[in-house]
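Structure file query_14.cif (mmCIF, C-alpha atoms and all ligand atoms) is printed below.
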```cif
data_model
#
loop_
_atom_site.group_PDB
_atom_site.id
_atom_site.type_symbol
_atom_site.label_atom_id
_atom_site.label_comp_id
_atom_site.auth_asym_id
_atom_site.auth_seq_id
_atom_site.Cartn_x
_atom_site.Cartn_y
_atom_site.Cartn_z
ATOM 1 C CA MET A 178 -10.991 -1.090 18.209
ATOM 2 C CA ALA A 179 -11.342 -4.863 18.492
ATOM 3 C CA ALA A 180 -11.986 -5.165 14.752
ATOM 4 C CA ILE A 181 -8.795 -3.257 13.932
ATOM 5 C CA TYR A 182 -6.798 -5.285 16.425
ATOM 6 C CA ASN A 183 -8.240 -8.604 15.290
ATOM 7 C CA ASP A 184 -7.359 -7.825 11.681
ATOM 8 C CA ALA A 185 -3.729 -7.509 12.835
ATOM 9 C CA VAL A 186 -4.086 -10.765 14.805
ATOM 10 C CA ALA A 187 -5.348 -12.635 11.754
ATOM 11 C CA ARG A 188 -3.040 -11.214 9.097
ATOM 12 C CA THR A 189 0.198 -9.927 10.636
ATOM 13 C CA VAL A 190 2.904 -10.609 13.195
ATOM 14 C CA ALA A 191 2.483 -7.075 14.612
ATOM 15 C CA THR A 192 0.827 -8.788 17.574
ATOM 16 C CA PHE A 193 1.701 -12.204 18.933
ATOM 17 C CA ASP A 194 -1.932 -12.977 19.687
ATOM 18 C CA VAL A 195 -3.071 -15.727 17.352
ATOM 19 C CA GLU A 196 -6.755 -15.870 18.306
ATOM 20 C CA PRO A 197 -9.200 -12.957 17.954
ATOM 21 C CA ARG A 198 -9.792 -10.955 21.117
ATOM 22 C CA PRO A 199 -13.304 -10.237 22.393
ATOM 23 C CA ASP A 200 -14.926 -6.823 22.065
ATOM 24 C CA ASP A 201 -14.105 -5.998 25.672
ATOM 25 C CA HIS A 202 -10.371 -6.592 25.179
ATOM 26 C CA TYR A 203 -9.770 -2.895 25.879
ATOM 27 C CA ALA A 204 -12.183 -2.525 28.780
ATOM 28 C CA ASP A 205 -9.453 -2.504 31.446
ATOM 29 C CA ARG A 206 -7.380 0.027 29.555
ATOM 30 C CA LEU A 207 -10.364 2.306 28.975
ATOM 31 C CA ALA A 208 -11.357 2.083 32.631
ATOM 32 C CA SER A 209 -7.908 2.855 34.015
ATOM 33 C CA THR A 210 -7.590 6.126 35.909
ATOM 34 C CA ARG A 211 -3.918 5.627 36.716
ATOM 35 C CA ARG A 212 -1.680 8.546 35.891
ATOM 36 C CA GLY A 213 0.243 7.769 32.693
ATOM 37 C CA ASP A 214 -2.387 5.387 31.294
ATOM 38 C CA HIS A 215 -4.183 6.744 28.252
ATOM 39 C CA VAL A 216 -6.286 5.501 25.347
ATOM 40 C CA LEU A 217 -6.750 7.819 22.387
ATOM 41 C CA VAL A 218 -9.215 6.851 19.676
ATOM 42 C CA ALA A 219 -9.358 8.498 16.236
ATOM 43 C CA VAL A 220 -12.809 8.596 14.650
ATOM 44 C CA ASP A 221 -14.161 9.887 11.344
ATOM 45 C CA ALA A 222 -17.011 12.394 10.946
ATOM 46 C CA GLU A 223 -19.562 9.597 11.406
ATOM 47 C CA GLY A 224 -17.890 8.321 14.554
ATOM 48 C CA ALA A 225 -16.361 5.200 12.984
ATOM 49 C CA VAL A 226 -13.126 4.171 14.682
ATOM 50 C CA LEU A 227 -10.071 4.718 12.444
ATOM 51 C CA GLY A 228 -7.413 3.751 14.941
ATOM 52 C CA TYR A 229 -6.152 4.143 18.457
ATOM 53 C CA ALA A 230 -3.022 4.569 20.549
ATOM 54 C CA PHE A 231 -2.532 3.703 24.171
ATOM 55 C CA SER A 232 -0.077 3.737 27.044
ATOM 56 C CA GLY A 233 -0.266 1.145 29.791
ATOM 57 C CA THR A 234 1.603 -1.091 32.176
ATOM 58 C CA TYR A 235 5.031 -2.187 30.984
ATOM 59 C CA ARG A 236 5.479 -4.748 33.772
ATOM 60 C CA PRO A 237 3.290 -5.018 36.859
ATOM 61 C CA ARG A 238 5.923 -4.363 39.500
ATOM 62 C CA THR A 239 6.144 -1.164 41.484
ATOM 63 C CA ALA A 240 9.646 -0.226 40.364
ATOM 64 C CA TYR A 241 8.343 -0.043 36.781
ATOM 65 C CA ASP A 242 5.722 2.574 37.667
ATOM 66 C CA GLY A 243 7.618 5.332 35.836
ATOM 67 C CA THR A 244 7.566 3.325 32.607
ATOM 68 C CA ARG A 245 4.746 2.754 30.148
ATOM 69 C CA GLU A 246 4.448 0.506 27.137
ATOM 70 C CA VAL A 247 2.878 2.269 24.180
ATOM 71 C CA SER A 248 1.324 1.023 20.976
ATOM 72 C CA VAL A 249 -0.838 2.149 18.091
ATOM 73 C CA TYR A 250 -3.086 0.418 15.577
ATOM 74 C CA LEU A 251 -4.841 1.925 12.563
ATOM 75 C CA ALA A 252 -7.356 0.564 10.102
ATOM 76 C CA GLU A 253 -5.561 -0.341 6.887
ATOM 77 C CA HIS A 254 -7.250 2.298 4.723
ATOM 78 C CA VAL A 255 -5.987 5.227 6.827
ATOM 79 C CA ARG A 256 -2.328 4.218 7.156
ATOM 80 C CA GLY A 257 0.483 6.320 5.725
ATOM 81 C CA ARG A 258 -1.348 9.650 6.046
ATOM 82 C CA GLY A 259 0.070 10.957 9.292
ATOM 83 C CA LEU A 260 -2.646 9.658 11.613
ATOM 84 C CA GLY A 261 -0.266 7.423 13.576
ATOM 85 C CA ARG A 262 1.965 10.435 14.181
ATOM 86 C CA ARG A 263 -0.980 12.598 15.267
ATOM 87 C CA LEU A 264 -2.147 10.001 17.767
ATOM 88 C CA TYR A 265 1.363 9.474 19.130
ATOM 89 C CA ASP A 266 2.095 13.219 19.345
ATOM 90 C CA GLU A 267 -0.915 13.611 21.616
ATOM 91 C CA LEU A 268 -0.286 10.397 23.550
ATOM 92 C CA LEU A 269 3.320 11.296 24.296
ATOM 93 C CA ALA A 270 2.362 14.837 25.303
ATOM 94 C CA ARG A 271 -0.064 13.400 27.855
ATOM 95 C CA VAL A 272 2.382 10.797 29.126
ATOM 96 C CA ASP A 273 5.091 13.457 29.485
ATOM 97 C CA ALA A 274 2.685 15.755 31.339
ATOM 98 C CA ASP A 275 1.981 12.895 33.754
ATOM 99 C CA GLY A 276 5.693 12.717 34.564
ATOM 100 C CA ILE A 277 6.271 9.260 33.082
ATOM 101 C CA HIS A 278 10.021 8.769 32.757
ATOM 102 C CA THR A 279 10.281 6.391 29.834
ATOM 103 C CA CYS A 280 8.119 4.808 27.154
ATOM 104 C CA VAL A 281 8.846 1.413 25.631
ATOM 105 C CA ALA A 282 7.530 0.026 22.363
ATOM 106 C CA VAL A 283 7.942 -3.616 21.427
ATOM 107 C CA ILE A 284 7.810 -4.081 17.660
ATOM 108 C CA ALA A 285 7.720 -7.466 15.984
ATOM 109 C CA ARG A 286 9.818 -7.505 12.833
ATOM 110 C CA PRO A 287 9.419 -6.814 10.056
ATOM 111 C CA ASN A 288 7.310 -3.690 10.585
ATOM 112 C CA PRO A 289 8.999 -0.794 8.749
ATOM 113 C CA ALA A 290 6.016 1.541 9.223
ATOM 114 C CA SER A 291 5.984 1.110 12.981
ATOM 115 C CA GLU A 292 9.755 1.413 13.310
ATOM 116 C CA ALA A 293 9.693 4.561 11.147
ATOM 117 C CA LEU A 294 6.896 6.053 13.246
ATOM 118 C CA HIS A 295 8.708 5.406 16.514
ATOM 119 C CA ARG A 296 11.978 6.756 15.133
ATOM 120 C CA ALA A 297 10.186 9.878 13.897
ATOM 121 C CA LEU A 298 8.759 10.450 17.380
ATOM 122 C CA GLY A 299 12.138 10.323 19.116
ATOM 123 C CA PHE A 300 12.314 6.661 20.103
ATOM 124 C CA GLU A 301 15.624 4.852 19.716
ATOM 125 C CA HIS A 302 16.168 1.203 18.974
ATOM 126 C CA VAL A 303 17.798 -0.280 22.074
ATOM 127 C CA GLY A 304 17.884 -3.967 21.210
ATOM 128 C CA THR A 305 16.252 -6.920 19.546
ATOM 129 C CA LEU A 306 15.217 -10.256 20.958
ATOM 130 C CA ARG A 307 15.747 -12.859 18.278
ATOM 131 C CA GLU A 308 13.172 -15.500 17.408
ATOM 132 C CA VAL A 309 11.042 -15.118 20.538
ATOM 133 C CA GLY A 310 7.726 -15.446 18.700
ATOM 134 C CA HIS A 311 6.437 -18.102 16.355
ATOM 135 C CA LYS A 312 3.592 -17.175 14.055
ATOM 136 C CA PHE A 313 2.473 -18.260 10.582
ATOM 137 C CA GLY A 314 5.228 -20.908 10.614
ATOM 138 C CA ASN A 315 8.105 -18.478 11.162
ATOM 139 C CA TRP A 316 10.217 -17.367 14.097
ATOM 140 C CA VAL A 317 9.767 -13.657 14.759
ATOM 141 C CA ASP A 318 12.141 -11.127 16.344
ATOM 142 C CA THR A 319 10.956 -8.314 18.612
ATOM 143 C CA ALA A 320 12.686 -4.945 18.524
ATOM 144 C CA PHE A 321 12.670 -2.794 21.646
ATOM 145 C CA TRP A 322 12.348 0.951 21.129
ATOM 146 C CA GLN A 323 12.596 3.435 23.973
ATOM 147 C CA ARG A 324 11.969 7.133 24.507
ATOM 148 C CA LEU A 325 13.061 8.938 27.672
ATOM 149 C CA ARG A 326 10.952 11.905 28.749
ATOM 150 C CA PRO A 327 12.471 15.065 27.293
ATOM 151 C CA ASP A 328 14.102 17.355 29.859
ATOM 152 C CA PRO A 329 11.343 19.909 30.621
ATOM 153 C CA SER A 330 13.916 22.733 31.110
HETATM 154 C C1 LIG B 1 2.442 1.534 12.332
HETATM 155 C C2 LIG B 1 1.321 2.522 12.041
HETATM 156 C C3 LIG B 1 0.593 2.876 13.319
HETATM 157 C C4 LIG B 1 1.966 3.812 11.454
HETATM 158 O O1 LIG B 1 0.956 4.834 11.361
HETATM 159 P P1 LIG B 1 0.801 5.698 10.035
HETATM 160 O O2 LIG B 1 -0.290 6.673 10.213
HETATM 161 O O3 LIG B 1 0.701 4.747 8.885
HETATM 162 O O4 LIG B 1 2.195 6.449 9.977
HETATM 163 P P2 LIG B 1 2.399 7.996 9.596
HETATM 164 O O5 LIG B 1 1.737 8.272 8.273
HETATM 165 O O6 LIG B 1 2.004 8.832 10.770
HETATM 166 O O7 LIG B 1 3.964 8.061 9.399
HETATM 167 C C5 LIG B 1 4.856 8.161 10.507
HETATM 168 C C6 LIG B 1 6.272 8.028 9.985
HETATM 169 O O8 LIG B 1 6.480 6.693 9.524
HETATM 170 C C7 LIG B 1 6.837 6.696 8.143
HETATM 171 N N1 LIG B 1 6.151 5.571 7.518
HETATM 172 C C8 LIG B 1 4.815 5.345 7.502
HETATM 173 N N2 LIG B 1 4.559 4.200 6.848
HETATM 174 C C9 LIG B 1 5.744 3.696 6.443
HETATM 175 C C10 LIG B 1 6.127 2.536 5.724
HETATM 176 N N3 LIG B 1 5.210 1.645 5.286
HETATM 177 N N4 LIG B 1 7.453 2.317 5.499
HETATM 178 C C11 LIG B 1 8.370 3.195 5.940
HETATM 179 N N5 LIG B 1 8.072 4.335 6.644
HETATM 180 C C12 LIG B 1 6.771 4.567 6.873
HETATM 181 C C13 LIG B 1 6.368 8.021 7.610
HETATM 182 O O9 LIG B 1 7.136 8.441 6.492
HETATM 183 C C14 LIG B 1 6.562 8.918 8.800
HETATM 184 O O10 LIG B 1 7.925 9.288 8.955
HETATM 185 P P3 LIG B 1 8.374 10.834 8.833
HETATM 186 O O11 LIG B 1 7.503 11.594 9.812
HETATM 187 O O12 LIG B 1 9.821 10.796 9.216
HETATM 188 O O13 LIG B 1 8.094 11.181 7.416
HETATM 189 C C15 LIG B 1 0.312 1.945 11.004
HETATM 190 O O14 LIG B 1 0.998 1.619 9.829
HETATM 191 C C16 LIG B 1 -0.430 0.701 11.501
HETATM 192 O O15 LIG B 1 -1.452 0.812 12.146
HETATM 193 N N6 LIG B 1 0.108 -0.500 11.175
HETATM 194 C C17 LIG B 1 -0.560 -1.763 11.571
HETATM 195 C C18 LIG B 1 -0.564 -1.999 13.089
HETATM 196 C C19 LIG B 1 0.835 -1.971 13.654
HETATM 197 O O16 LIG B 1 1.764 -2.551 13.099
HETATM 198 N N7 LIG B 1 0.964 -1.279 14.786
HETATM 199 C C20 LIG B 1 2.228 -1.166 15.478
HETATM 200 C C21 LIG B 1 2.390 -2.279 16.445
HETATM 201 S S1 LIG B 1 4.026 -2.183 17.203
#
```

Written as structure tokens, that's how I'd like the structure from this file.
Ligand SMILES: CC(C)(COP(=O)(O)OP(=O)(O)OC[C@H]1O[C@@H](n2cnc3c(N)ncnc32)[C@H](O)[C@@H]1OP(=O)(O)O)[C@@H](O)C(=O)NCCC(=O)NCCS
Amino acid sequence: MAAIYNDAVARTVATFDVEPRPDDHYADRLASTRRGDHVLVAVDAEGAVLGYAFSGTYRPRTAYDGTREVSVYLAEHVRGRGLGRRLYDELLARVDADGIHTCVAVIARPNPASEALHRALGFEHVGTLREVGHKFGNWVDTAFWQRLRPDPS
């Protein structure tokens, strides 16, 4: 998981981290037992990690407890084959079952694949913060995408 993430750190603006993260970057997420927090990892037949999706704290204040931030990262060689959708389908099903009211995704632009994935999964673009990041010598916008829990009725 760290290798996939650190490839995005080094080569893309998908994350605003600029330094590689240690192997235990995901330890807190994996250890969380809080309702609505999930980490899903896709592996191949040999157990090699192909990608992962997770839901976690949006902001650490109690009134945000019904909200989760979600994200997904895949190894480059498995992108564009439906794996992101499969991970998100399962992630959102679990988050919905936990009663989470809304999911937020923050997408640095440009990232047409991520915006297409979120749109395909029922997220809507609710706004963009302009030039809030600075990476590789350029100012970067972040788009906010949101999905309210479908009415269970
Ligand atoms: C973003 C990412 C997770 C998408 O996963 P994926 O497996 O490649 O996407 P899928 O094959 O499941 O496709 C999902 C939808 O996005 C569309 N899509 C995928 N790649 C696309 C691209 N490069 N441009 C436009 N649309 C694209 C697909 O057509 C599909 O839409 P549809 O269901 O309406 O046909 C993957 O590209 C990735 O890991 N990128 C690098 C890390 C990253 O940017 N993560 C997001 C951080 S916010």

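Close contacts of Arg263 of chain A, defined as residues with an atom at most 12 Å away when counting all atoms listed in the file, with chain neighbours fewer than 6 positions off set aside, comprise A:Leu217, A:Val218, A:Ala219, A:Gly228, A:Tyr229, A:Ala230, A:Val249, A:Leu251, A:Arg256, A:Gly257, A:Leu269, A:Ala270, A:Leu294, A:Ala297, A:Leu298.
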
Around the point (8.1, -17.3, 16.2), in the coordinates given by the file, pick out the residues reaching within 12 Å, counting all atoms listed in the file, and return them as a CSV table (one decimal) with C-alpha atoms, keeping the file's coordinate frame.
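Once everything was written out, this is point17.csv:
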```csv
chain,number,residue,atom,x,y,z
A,190,VAL,CA,2.9,-10.6,13.2
A,191,ALA,CA,2.5,-7.1,14.6
A,192,THR,CA,0.8,-8.8,17.6
A,193,PHE,CA,1.7,-12.2,18.9
A,194,ASP,CA,-1.9,-13.0,19.7
A,195,VAL,CA,-3.1,-15.7,17.4
A,285,ALA,CA,7.7,-7.5,16.0
A,286,ARG,CA,9.8,-7.5,12.8
A,306,LEU,CA,15.2,-10.3,21.0
A,307,ARG,CA,15.7,-12.9,18.3
A,308,GLU,CA,13.2,-15.5,17.4
A,309,VAL,CA,11.0,-15.1,20.5
A,310,GLY,CA,7.7,-15.4,18.7
A,311,HIS,CA,6.4,-18.1,16.4
A,312,LYS,CA,3.6,-17.2,14.1
A,313,PHE,CA,2.5,-18.3,10.6
A,314,GLY,CA,5.2,-20.9,10.6
A,315,ASN,CA,8.1,-18.5,11.2
A,316,TRP,CA,10.2,-17.4,14.1
A,317,VAL,CA,9.8,-13.7,14.8
A,318,ASP,CA,12.1,-11.1,16.3
A,319,THR,CA,11.0,-8.3,18.6
```

Problem set entry | Selection dump of the PyMOL selection byres (((chain A and resi 280) around 8) and not hetatm), as an MDAnalysis selection string | chainID A and resid 244:247 277:279 281:282 323:326

For this session: Spell out the residues picked by the PyMOL selection byres (((chain A and resi 276) around 9) and not hetatm) here, as a VMD selection string.
Result: chain A and resid 212 to 213 243 271 to 275 277 to 278 326

What are the centre and the three edge lengths of an axis-aligned box that wraps all atoms of ligand LIG 1 (chain B) in the file, given that 3 Å is added to every side, written as JSON and rounded to one decimal in Å?
```
{"center_x": 4.2, "center_y": 4.5, "center_z": 11.2, "size_x": 17.3, "size_y": 20.1, "size_z": 17.9}
```

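Rounded to one decimal, atom CA of Arg236 of chain A and atom CA of Thr210 of chain A lie 17.1 Å from each other.
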
Exercise. So, counting only C-alpha atoms, which residue among A:Ser291, A:Tyr241, A:Val283, A:Glu301 is closest to Ala320 of chain A?
Worked result: A:Val283

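In this structure, atom CA of Tyr182 of chain A sits 22.8 Å away from atom CA of Phe300 of chain A.
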
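Using all atoms listed in the file, the nearest neighbour of ligand LIG 1 (chain B) within the list A:Asp201, A:Asp221, A:Asp184, A:Glu196 is A:Asp184.
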
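For the set A:Tyr203, A:Trp322, A:Tyr250, A:Tyr265, the residue with the smallest atom-to-atom gap to ligand LIG 1 (chain B) is A:Tyr250, counting all atoms listed in the file.
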
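A straight line drawn from atom CA of Val226 of chain A to atom CA of Ala252 of chain A is 8.2 Å long.
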
Exercise. Pick the closest to Val220 of chain A from A:Met178, A:Pro329, A:Glu253, A:Arg296: which is it, counting all atoms listed in the file?
Worked result: A:Met178

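You can rank A:Ala222, A:Ile181, A:Ala204, A:Val216 by their closest distance to ligand LIG 1 (chain B) using all atoms listed in the file, and at the top of that list sits A:Ile181.
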